[in-house]
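coords_20.cif follows; it contains mmCIF, C-alpha atoms and all ligand atoms.
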```
data_my_file
loop_
_atom_site.label_atom_id
_atom_site.label_comp_id
_atom_site.auth_asym_id
_atom_site.auth_seq_id
_atom_site.Cartn_x
_atom_site.Cartn_y
_atom_site.Cartn_z
CA MET O 1 -9.81 6.04 -11.17
CA SER O 2 -7.66 8.07 -8.85
CA ASP O 3 -4.18 8.72 -10.15
CA LEU O 4 -2.16 8.37 -6.94
CA LEU O 5 -3.78 5.88 -4.56
CA ALA O 6 -6.71 3.53 -5.03
CA ILE O 7 -7.66 1.08 -2.33
CA ASN O 8 -10.15 -1.67 -3.05
CA ASN O 9 -11.82 -4.12 -0.71
CA LEU O 10 -9.43 -3.27 2.10
CA THR O 11 -10.11 -5.41 5.16
CA VAL O 12 -8.30 -5.43 8.50
CA SER O 13 -9.04 -8.08 11.12
CA TYR O 14 -7.18 -8.10 14.42
CA GLY O 15 -8.49 -11.46 15.52
CA ALA O 16 -11.67 -13.44 15.73
CA GLY O 17 -14.94 -11.53 15.39
CA SER O 18 -15.88 -8.64 13.18
CA SER O 19 -13.35 -6.79 11.04
CA ALA O 20 -11.99 -3.42 12.19
CA VAL O 21 -11.99 -2.36 8.52
CA ASP O 22 -14.52 -4.05 6.29
CA ARG O 23 -14.04 -4.07 2.49
CA ILE O 24 -13.31 -0.36 2.17
CA GLY O 25 -12.49 1.40 -1.07
CA PHE O 26 -11.61 4.97 -1.96
CA GLY O 27 -9.13 6.92 -4.04
CA VAL O 28 -6.72 9.82 -3.66
CA ASP O 29 -5.59 12.04 -6.54
CA ARG O 30 -2.19 13.67 -6.72
CA GLY O 31 -2.06 16.79 -4.59
CA SER O 32 -5.50 16.28 -3.07
CA VAL O 33 -6.56 16.05 0.56
CA VAL O 34 -8.98 13.29 1.54
CA ALA O 35 -10.32 13.24 5.09
CA LEU O 36 -11.60 10.25 7.04
CA LEU O 37 -14.13 11.16 9.69
CA GLY O 38 -15.61 8.82 12.26
CA ALA O 39 -16.05 8.05 15.94
CA ASN O 40 -13.45 6.36 18.13
CA GLY O 41 -12.90 2.82 16.95
CA ALA O 42 -14.44 3.41 13.50
CA GLY O 43 -11.27 2.10 11.83
CA LYS O 44 -9.52 5.30 10.75
CA SER O 45 -6.05 4.51 12.09
CA SER O 46 -6.31 0.91 10.91
CA ILE O 47 -6.91 2.09 7.33
CA MET O 48 -3.87 4.35 7.45
CA LYS O 49 -1.61 1.72 8.97
CA ALA O 50 -2.77 -0.79 6.35
CA VAL O 51 -1.99 1.67 3.54
CA ALA O 52 1.46 2.27 5.07
CA GLY O 53 2.04 -1.49 5.34
CA LEU O 54 2.37 -1.44 9.12
CA ILE O 55 -0.34 -4.02 9.82
CA PRO O 56 -1.58 -7.03 7.82
CA ALA O 57 -4.61 -6.43 5.61
CA GLN O 58 -6.52 -8.01 2.76
CA GLY O 59 -7.44 -6.25 -0.45
CA GLU O 60 -5.70 -4.02 -2.95
CA VAL O 61 -3.55 -0.97 -2.31
CA VAL O 62 -2.78 0.47 -5.74
CA PHE O 63 -0.18 3.23 -5.69
CA GLU O 64 0.76 4.94 -8.95
CA GLY O 65 -0.87 2.10 -10.84
CA GLU O 66 0.82 -0.77 -9.04
CA ASN O 67 -0.65 -3.04 -6.36
CA ILE O 68 1.73 -2.70 -3.41
CA ALA O 69 -0.39 -4.68 -0.93
CA ALA O 70 2.30 -7.33 -0.51
CA GLN O 71 5.16 -4.87 0.00
CA PRO O 72 6.73 -4.15 3.40
CA ALA O 73 6.44 -0.72 5.02
CA ARG O 74 10.03 0.16 4.12
CA ALA O 75 9.37 -0.28 0.41
CA ARG O 76 6.25 1.87 0.66
CA VAL O 77 8.23 4.69 2.32
CA ALA O 78 10.70 4.47 -0.55
CA ARG O 79 7.80 4.86 -2.99
CA GLY O 80 6.60 7.95 -1.17
CA ILE O 81 4.02 6.83 1.41
CA VAL O 82 4.62 8.18 4.90
CA TYR O 83 2.47 7.67 8.00
CA VAL O 84 2.53 10.21 10.86
CA PRO O 85 0.97 8.33 13.78
CA GLU O 86 -1.42 9.77 16.33
CA GLY O 87 0.30 10.72 19.58
CA ARG O 88 3.32 12.02 17.64
CA GLU O 89 5.80 9.26 18.54
CA ILE O 90 8.90 11.34 18.13
CA VAL O 91 12.01 10.10 19.91
CA GLY O 92 12.23 12.27 23.02
CA ASN O 93 15.85 11.69 23.96
CA LEU O 94 17.12 12.45 20.47
CA THR O 95 17.52 16.04 19.36
CA VAL O 96 15.13 17.72 16.95
CA ARG O 97 17.77 17.42 14.21
CA GLU O 98 18.30 13.71 14.88
CA ASN O 99 14.57 13.10 14.67
CA LEU O 100 14.51 14.82 11.28
CA VAL O 101 17.49 12.79 10.05
CA MET O 102 15.58 9.63 10.98
CA GLY O 103 12.72 10.72 8.75
CA GLY O 104 15.06 10.88 5.76
CA TYR O 105 17.08 7.76 6.47
CA GLN O 106 16.38 6.39 2.99
CA LYS O 107 17.54 9.57 1.22
CA PRO O 108 21.06 10.43 0.08
CA ALA O 109 22.71 12.86 2.55
CA ALA O 110 22.61 15.90 0.25
CA GLU O 111 18.93 15.52 -0.52
CA ARG O 112 18.11 14.83 3.11
CA LYS O 113 19.87 18.05 4.07
CA ARG O 114 17.88 19.98 1.47
CA ARG O 115 14.60 18.51 2.73
CA MET O 116 15.52 19.25 6.34
CA ASP O 117 16.25 22.88 5.48
CA MET O 118 12.86 23.08 3.77
CA VAL O 119 11.12 21.65 6.84
CA LEU O 120 12.92 24.01 9.22
CA ASP O 121 11.98 26.88 6.96
CA LEU O 122 8.36 25.79 7.17
CA PHE O 123 8.41 25.40 10.96
CA PRO O 124 10.61 28.20 12.34
CA GLU O 125 9.49 27.31 15.88
CA ILE O 126 11.51 24.11 15.77
CA ALA O 127 14.33 25.59 13.68
CA GLU O 128 15.36 27.60 16.72
CA LYS O 129 15.59 24.41 18.75
CA VAL O 130 17.29 21.89 16.43
CA ASP O 131 19.92 20.88 18.94
CA ARG O 132 17.52 20.45 21.81
CA SER O 133 16.15 17.11 23.01
CA ALA O 134 12.76 16.60 21.42
CA TRP O 135 11.06 16.01 24.78
CA ARG O 136 11.76 19.63 25.65
CA LEU O 137 9.48 20.87 22.86
CA SER O 138 5.91 21.95 23.57
CA GLY O 139 3.06 19.73 22.39
CA GLY O 140 2.50 21.85 19.29
CA GLU O 141 6.18 21.90 18.46
CA GLN O 142 6.36 18.12 18.86
CA GLN O 143 3.49 17.81 16.40
CA MET O 144 5.33 20.08 13.96
CA LEU O 145 8.40 17.88 14.39
CA ALA O 146 6.38 14.71 13.75
CA ILE O 147 4.93 16.17 10.54
CA GLY O 148 8.30 17.65 9.60
CA ARG O 149 10.00 14.28 10.05
CA GLY O 150 7.43 12.79 7.68
CA LEU O 151 8.12 15.52 5.12
CA VAL O 152 11.90 14.91 5.15
CA ALA O 153 11.16 11.58 3.44
CA ASP O 154 9.82 13.60 0.47
CA PRO O 155 6.48 11.79 0.38
CA LYS O 156 3.95 11.83 -2.44
CA LEU O 157 1.31 10.82 0.08
CA ILE O 158 1.35 11.64 3.77
CA LEU O 159 -1.08 9.93 6.13
CA LEU O 160 -1.77 12.27 9.05
CA ASP O 161 -3.44 10.65 12.03
CA GLU O 162 -5.10 13.32 14.18
CA PRO O 163 -2.47 16.04 13.85
CA SER O 164 -4.51 18.34 16.11
CA LEU O 165 -4.75 15.84 18.99
CA GLY O 166 -4.08 17.55 22.30
CA LEU O 167 -3.24 20.92 20.75
CA ALA O 168 -4.62 24.29 21.78
CA PRO O 169 -6.84 25.89 19.10
CA LEU O 170 -4.19 28.48 18.23
CA LEU O 171 -1.61 25.77 17.58
CA VAL O 172 -4.09 23.71 15.57
CA ARG O 173 -4.58 26.72 13.35
CA ARG O 174 -0.85 27.20 12.99
CA VAL O 175 -0.20 23.55 12.07
CA PHE O 176 -3.05 23.56 9.55
CA ASP O 177 -1.90 26.86 8.04
CA ARG O 178 1.49 25.23 7.42
CA LEU O 179 -0.14 22.19 5.87
CA ARG O 180 -2.09 24.46 3.55
CA LYS O 181 1.12 26.19 2.56
CA ILE O 182 2.77 22.86 1.75
CA ARG O 183 -0.22 21.97 -0.38
CA GLU O 184 -0.02 25.20 -2.32
CA GLU O 185 3.64 24.65 -3.07
CA SER O 186 3.79 20.96 -3.90
CA GLU O 187 1.92 17.99 -5.34
CA LEU O 188 1.77 16.35 -1.94
CA ALA O 189 -1.44 14.40 -1.29
CA ILE O 190 -2.76 14.00 2.23
CA VAL O 191 -5.06 11.49 3.87
CA LEU O 192 -6.21 13.25 7.01
CA VAL O 193 -7.88 11.80 10.07
CA GLU O 194 -9.51 14.32 12.37
CA GLN O 195 -12.29 14.19 14.92
CA ASN O 196 -12.98 17.84 14.36
CA LEU O 197 -15.00 18.61 11.23
CA ALA O 198 -14.38 22.37 11.32
CA VAL O 199 -10.61 21.84 11.36
CA THR O 200 -10.84 19.20 8.64
CA MET O 201 -12.85 21.51 6.40
CA ARG O 202 -10.01 24.04 6.40
CA LEU O 203 -7.85 21.69 4.40
CA CYS O 204 -9.67 18.87 2.68
CA ASP O 205 -11.16 18.41 -0.79
CA GLU O 206 -13.41 15.49 0.09
CA LEU O 207 -14.52 13.49 3.12
CA HIS O 208 -15.42 9.91 3.78
CA PHE O 209 -17.54 9.16 6.82
CA LEU O 210 -16.77 5.91 8.61
CA ARG O 211 -18.76 3.80 11.01
CA GLY O 212 -17.93 0.32 12.27
CA GLY O 213 -15.19 -0.20 9.68
CA ARG O 214 -17.37 0.77 6.70
CA ILE O 215 -17.64 3.92 4.62
CA VAL O 216 -21.17 5.17 5.18
CA GLY O 217 -21.04 8.47 3.37
CA HIS O 218 -19.02 10.71 1.06
CA ARG O 219 -19.11 14.48 0.54
CA THR O 220 -16.91 16.98 -1.23
CA ALA O 221 -15.74 20.01 0.76
CA GLU O 222 -17.73 22.10 -1.71
CA GLU O 223 -20.93 20.28 -0.71
CA LEU O 224 -20.27 20.99 2.97
CA LYS O 225 -19.58 24.69 2.62
CA ASP O 226 -22.58 25.85 4.58
CA GLU O 227 -23.28 25.07 8.19
CA THR O 228 -26.66 23.41 7.55
CA ALA O 229 -25.19 20.93 5.07
CA ARG O 230 -22.41 20.10 7.51
CA GLN O 231 -24.88 19.49 10.34
CA GLU O 232 -27.03 17.32 8.07
CA ALA O 233 -24.02 15.19 7.11
CA ILE O 234 -23.00 14.76 10.74
CA ASP O 235 -26.52 13.77 11.74
CA ALA O 236 -26.86 11.38 8.82
CA PHE O 237 -23.48 9.66 9.04
CA LEU O 238 -22.14 10.12 12.55
CA GLY O 239 -25.06 11.13 14.75
CA ALA O 240 -26.99 8.99 17.20
CA ALA O 241 -29.88 8.71 14.77
CA ALA O 242 -27.61 7.00 12.25
CA ALA O 243 -26.44 4.31 14.67
N1 LIG O 301 -3.78 -3.66 17.83
C1 LIG O 301 -5.07 -3.94 17.92
N2 LIG O 301 -5.50 -5.15 18.36
C2 LIG O 301 -6.82 -5.45 18.43
N3 LIG O 301 -7.80 -4.62 18.08
C3 LIG O 301 -7.45 -3.41 17.64
C4 LIG O 301 -6.08 -3.01 17.53
N4 LIG O 301 -6.03 -1.74 17.05
C5 LIG O 301 -7.33 -1.36 16.86
N5 LIG O 301 -8.17 -2.36 17.20
C6 LIG O 301 -9.65 -2.32 17.11
O1 LIG O 301 -9.99 -2.02 15.77
C7 LIG O 301 -11.07 -1.09 15.71
C8 LIG O 301 -10.65 0.13 14.91
O2 LIG O 301 -9.59 0.78 15.60
P1 LIG O 301 -8.84 2.03 15.01
O3 LIG O 301 -7.69 2.33 15.90
O4 LIG O 301 -8.57 1.83 13.59
O5 LIG O 301 -9.97 3.16 15.17
P2 LIG O 301 -9.92 4.73 15.00
O6 LIG O 301 -11.04 5.09 14.10
O7 LIG O 301 -8.55 5.17 14.63
O8 LIG O 301 -10.26 5.24 16.47
P3 LIG O 301 -9.73 6.51 17.29
O9 LIG O 301 -10.53 7.67 16.81
O10 LIG O 301 -10.06 6.16 18.70
O11 LIG O 301 -8.27 6.66 17.06
C9 LIG O 301 -11.45 -0.80 17.15
O12 LIG O 301 -12.55 -1.62 17.49
C10 LIG O 301 -10.23 -1.20 17.94
O13 LIG O 301 -10.58 -1.64 19.22
MG MG O 302 -7.12 6.33 15.52
#
```
Please re-express this file's structure in structure tokens.
Ligand SMILES: Nc1ncnc2c1ncn2[C@@H]1O[C@H](COP(=O)(O)OP(=O)(O)OP(=O)(O)O)[C@@H](O)[C@H]1O
Ligand SMILES: [Mg+2]
Amino acid sequence: MSDLLAINNLTVSYGAGSSAVDRIGFGVDRGSVVALLGANGAGKSSIMKAVAGLIPAQGEVVFEGENIAAQPARARVARGIVYVPEGREIVGNLTVRENLVMGGYQKPAAERKRRMDMVLDLFPEIAEKVDRSAWRLSGGEQQMLAIGRGLVADPKLILLDEPSLGLAPLLVRRVFDRLRKIREESELAIVLVEQNLAVTMRLCDELHFLRGGRIVGHRTAEELKDETARQEAIDAFLGAAAA
């Protein structure tokens, strides 16, 4: 049993017809990185939003031993679950600093300040621009701000939805290097959604492969160390032959 998060029989249905997420279960240990890999529409974002309490779902979401499935998103943030949505969703006409303050709205001012200093230390690119409107940041800087805003909340679990989306390879590397640094220095656990397996492998401990709202395969990062094993997993779980 995983010691931080365990989801059981998680199902998300947006309406009539088949479920977007169909009786999924997996666990996340403290300080570990679990990646969800799958094609467009496989259900990755739906799983994350359900864990964060942002959409209705059936099943169990057990966090630190307690089923929080009935709790609203706000209560889950207070417990330490933070979702960083795909497409960044920072507030463009607020400054960088104001965006960061929003991330820590549930924290006492002194602690929020400490967390913000930590985030700005981690992302010097945005530290130079704290009083600028967020829309004036580059795409990579906006992504750093979105992740940074999540970190101000002092999460135990951060759900990162395609942090590399729309970023140049150099910036992807930079963002992932920072994430690795955070991991080395804290007990933060990450659920990571990425389309790109190579990028995912730089950070994760284990991977779940998703298709049509179901988990169809599981591998540890160790098992996917060599190129052949990676290609085999892609062919088996995501490739055309597996459809
Ligand atoms: N708000 C919504 N209303 C209705 N259907 C939705 C909604 N959001 C997602 N879906 C459907 O649920 C399924 C899973 O979507 P989801 O966004 O979880 O996939 P995803 O794996 O994150 O895909 P992507 O890689 O494109 O982001 C898809 O079939 C999608 O069309
Ligand atoms: Mg998605």
> Pick from O:Ile68, O:Ala52, O:Leu151, O:Ala20: nearest to ligand LIG 301 (chain O), with all atoms listed in the file counted?
Replying inline: O:Ala20
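Among the candidate residues O:Leu171, O:Ala198, O:Leu94, O:Ala153, the one lying nearest to Glu125 (chain O) is O:Leu171, with distances computed using all atoms listed in the file.
Surrounding residues of (20.4, 15.7, 17.1) at most 10 Å away are Asn93, Leu94, Thr95, Val96, Arg97, Glu98, Asn99, Leu100, Val101, Met102, Val130, Asp131, Arg132, Ser133 and Ala134 of chain O (based on all atoms listed in the file).
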Dump the neighbourhood of ligand MG 302 (chain O) as a short mmCIF file (atom, residue, chain, number, x, y, z; two decimals) with C-alpha atoms, in the coordinates of the input: all residues within 10 Å, distances computed on all atoms listed in the file.
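Output file pocket.cif is given in full below:
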```
data_model
loop_
_atom_site.label_atom_id
_atom_site.label_comp_id
_atom_site.auth_asym_id
_atom_site.auth_seq_id
_atom_site.Cartn_x
_atom_site.Cartn_y
_atom_site.Cartn_z
CA GLY O 38 -15.61 8.82 12.26
CA ALA O 39 -16.05 8.05 15.94
CA ASN O 40 -13.45 6.36 18.13
CA GLY O 41 -12.90 2.82 16.95
CA ALA O 42 -14.44 3.41 13.50
CA GLY O 43 -11.27 2.10 11.83
CA LYS O 44 -9.52 5.30 10.75
CA SER O 45 -6.05 4.51 12.09
CA SER O 46 -6.31 0.91 10.91
CA ILE O 47 -6.91 2.09 7.33
CA MET O 48 -3.87 4.35 7.45
CA LYS O 49 -1.61 1.72 8.97
CA PRO O 85 0.97 8.33 13.78
CA GLU O 86 -1.42 9.77 16.33
CA GLY O 87 0.30 10.72 19.58
CA ASP O 161 -3.44 10.65 12.03
CA GLU O 162 -5.10 13.32 14.18
CA VAL O 193 -7.88 11.80 10.07
CA GLU O 194 -9.51 14.32 12.37
CA GLN O 195 -12.29 14.19 14.92
#
```
> Near region 178-185 of chain O, counting only C-alpha atoms, which residues have an atom at most 12 Å away, once you skip same-chain residues fewer than 4 positions from it, shown as a ChimeraX atom specification?
Replying inline: /O:30-33,118-125,143-144,147-148,151,154-158,160,163-164,171-174,189-192,199-205
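Atom P3 of ligand LIG 301 (chain O) lies 15.4 Å from CA of Tyr83 (chain O).
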Can you complete the atoms of region 110-138 of chain O to N, CA and C atoms and list them as a CSV table (one decimal), keeping the file's coordinate frame?
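Final output, saved to out_34.csv:
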```csv
chain,number,residue,atom,x,y,z
O,110,ALA,N,22.8,14.5,0.8
O,110,ALA,CA,22.6,15.9,0.2
O,110,ALA,C,21.1,16.2,0.1
O,111,GLU,N,20.4,15.3,-0.4
O,111,GLU,CA,18.9,15.5,-0.5
O,111,GLU,C,18.2,15.6,0.8
O,112,ARG,N,18.7,14.8,1.8
O,112,ARG,CA,18.1,14.8,3.1
O,112,ARG,C,18.3,16.2,3.7
O,113,LYS,N,19.5,16.7,3.5
O,113,LYS,CA,19.9,18.0,4.1
O,113,LYS,C,19.0,19.1,3.5
O,114,ARG,N,18.7,19.0,2.2
O,114,ARG,CA,17.9,20.0,1.5
O,114,ARG,C,16.4,19.9,2.0
O,115,ARG,N,16.0,18.7,2.2
O,115,ARG,CA,14.6,18.5,2.7
O,115,ARG,C,14.5,19.0,4.2
O,116,MET,N,15.5,18.8,5.0
O,116,MET,CA,15.5,19.2,6.3
O,116,MET,C,15.5,20.8,6.4
O,117,ASP,N,16.3,21.4,5.5
O,117,ASP,CA,16.2,22.9,5.5
O,117,ASP,C,14.9,23.4,5.1
O,118,MET,N,14.2,22.7,4.2
O,118,MET,CA,12.9,23.1,3.8
O,118,MET,C,11.9,23.0,5.0
O,119,VAL,N,12.0,21.9,5.7
O,119,VAL,CA,11.1,21.6,6.8
O,119,VAL,C,11.3,22.7,7.9
O,120,LEU,N,12.6,23.0,8.2
O,120,LEU,CA,12.9,24.0,9.2
O,120,LEU,C,12.5,25.4,8.8
O,121,ASP,N,12.5,25.6,7.5
O,121,ASP,CA,12.0,26.9,7.0
O,121,ASP,C,10.5,27.0,7.2
O,122,LEU,N,9.8,25.9,7.0
O,122,LEU,CA,8.4,25.8,7.2
O,122,LEU,C,7.9,25.9,8.6
O,123,PHE,N,8.7,25.4,9.5
O,123,PHE,CA,8.4,25.4,11.0
O,123,PHE,C,9.5,26.1,11.7
O,124,PRO,N,9.5,27.5,11.7
O,124,PRO,CA,10.6,28.2,12.3
O,124,PRO,C,10.7,27.9,13.8
O,125,GLU,N,9.5,27.6,14.4
O,125,GLU,CA,9.5,27.3,15.9
O,125,GLU,C,10.5,26.2,16.3
O,126,ILE,N,10.6,25.2,15.4
O,126,ILE,CA,11.5,24.1,15.8
O,126,ILE,C,12.9,24.4,15.2
O,127,ALA,N,13.0,25.3,14.2
O,127,ALA,CA,14.3,25.6,13.7
O,127,ALA,C,15.2,26.2,14.7
O,128,GLU,N,14.6,27.0,15.6
O,128,GLU,CA,15.4,27.6,16.7
O,128,GLU,C,15.9,26.6,17.7
O,129,LYS,N,15.3,25.4,17.7
O,129,LYS,CA,15.6,24.4,18.8
O,129,LYS,C,16.2,23.1,18.2
O,130,VAL,N,16.8,23.1,17.1
O,130,VAL,CA,17.3,21.9,16.4
O,130,VAL,C,18.2,21.0,17.3
O,131,ASP,N,19.0,21.7,18.2
O,131,ASP,CA,19.9,20.9,18.9
O,131,ASP,C,19.4,20.5,20.3
O,132,ARG,N,18.1,20.8,20.5
O,132,ARG,CA,17.5,20.4,21.8
O,132,ARG,C,16.9,19.1,21.8
O,133,SER,N,16.9,18.4,22.9
O,133,SER,CA,16.2,17.1,23.0
O,133,SER,C,14.7,17.3,22.7
O,134,ALA,N,14.1,16.4,21.9
O,134,ALA,CA,12.8,16.6,21.4
O,134,ALA,C,11.7,16.7,22.6
O,135,TRP,N,12.0,16.0,23.7
O,135,TRP,CA,11.1,16.0,24.8
O,135,TRP,C,10.9,17.4,25.4
O,136,ARG,N,11.9,18.3,25.1
O,136,ARG,CA,11.8,19.6,25.6
O,136,ARG,C,10.9,20.6,24.8
O,137,LEU,N,10.4,20.1,23.7
O,137,LEU,CA,9.5,20.9,22.9
O,137,LEU,C,8.1,20.9,23.5
O,138,SER,N,7.3,21.9,23.2
O,138,SER,CA,5.9,22.0,23.6
O,138,SER,C,5.1,20.9,22.7
```
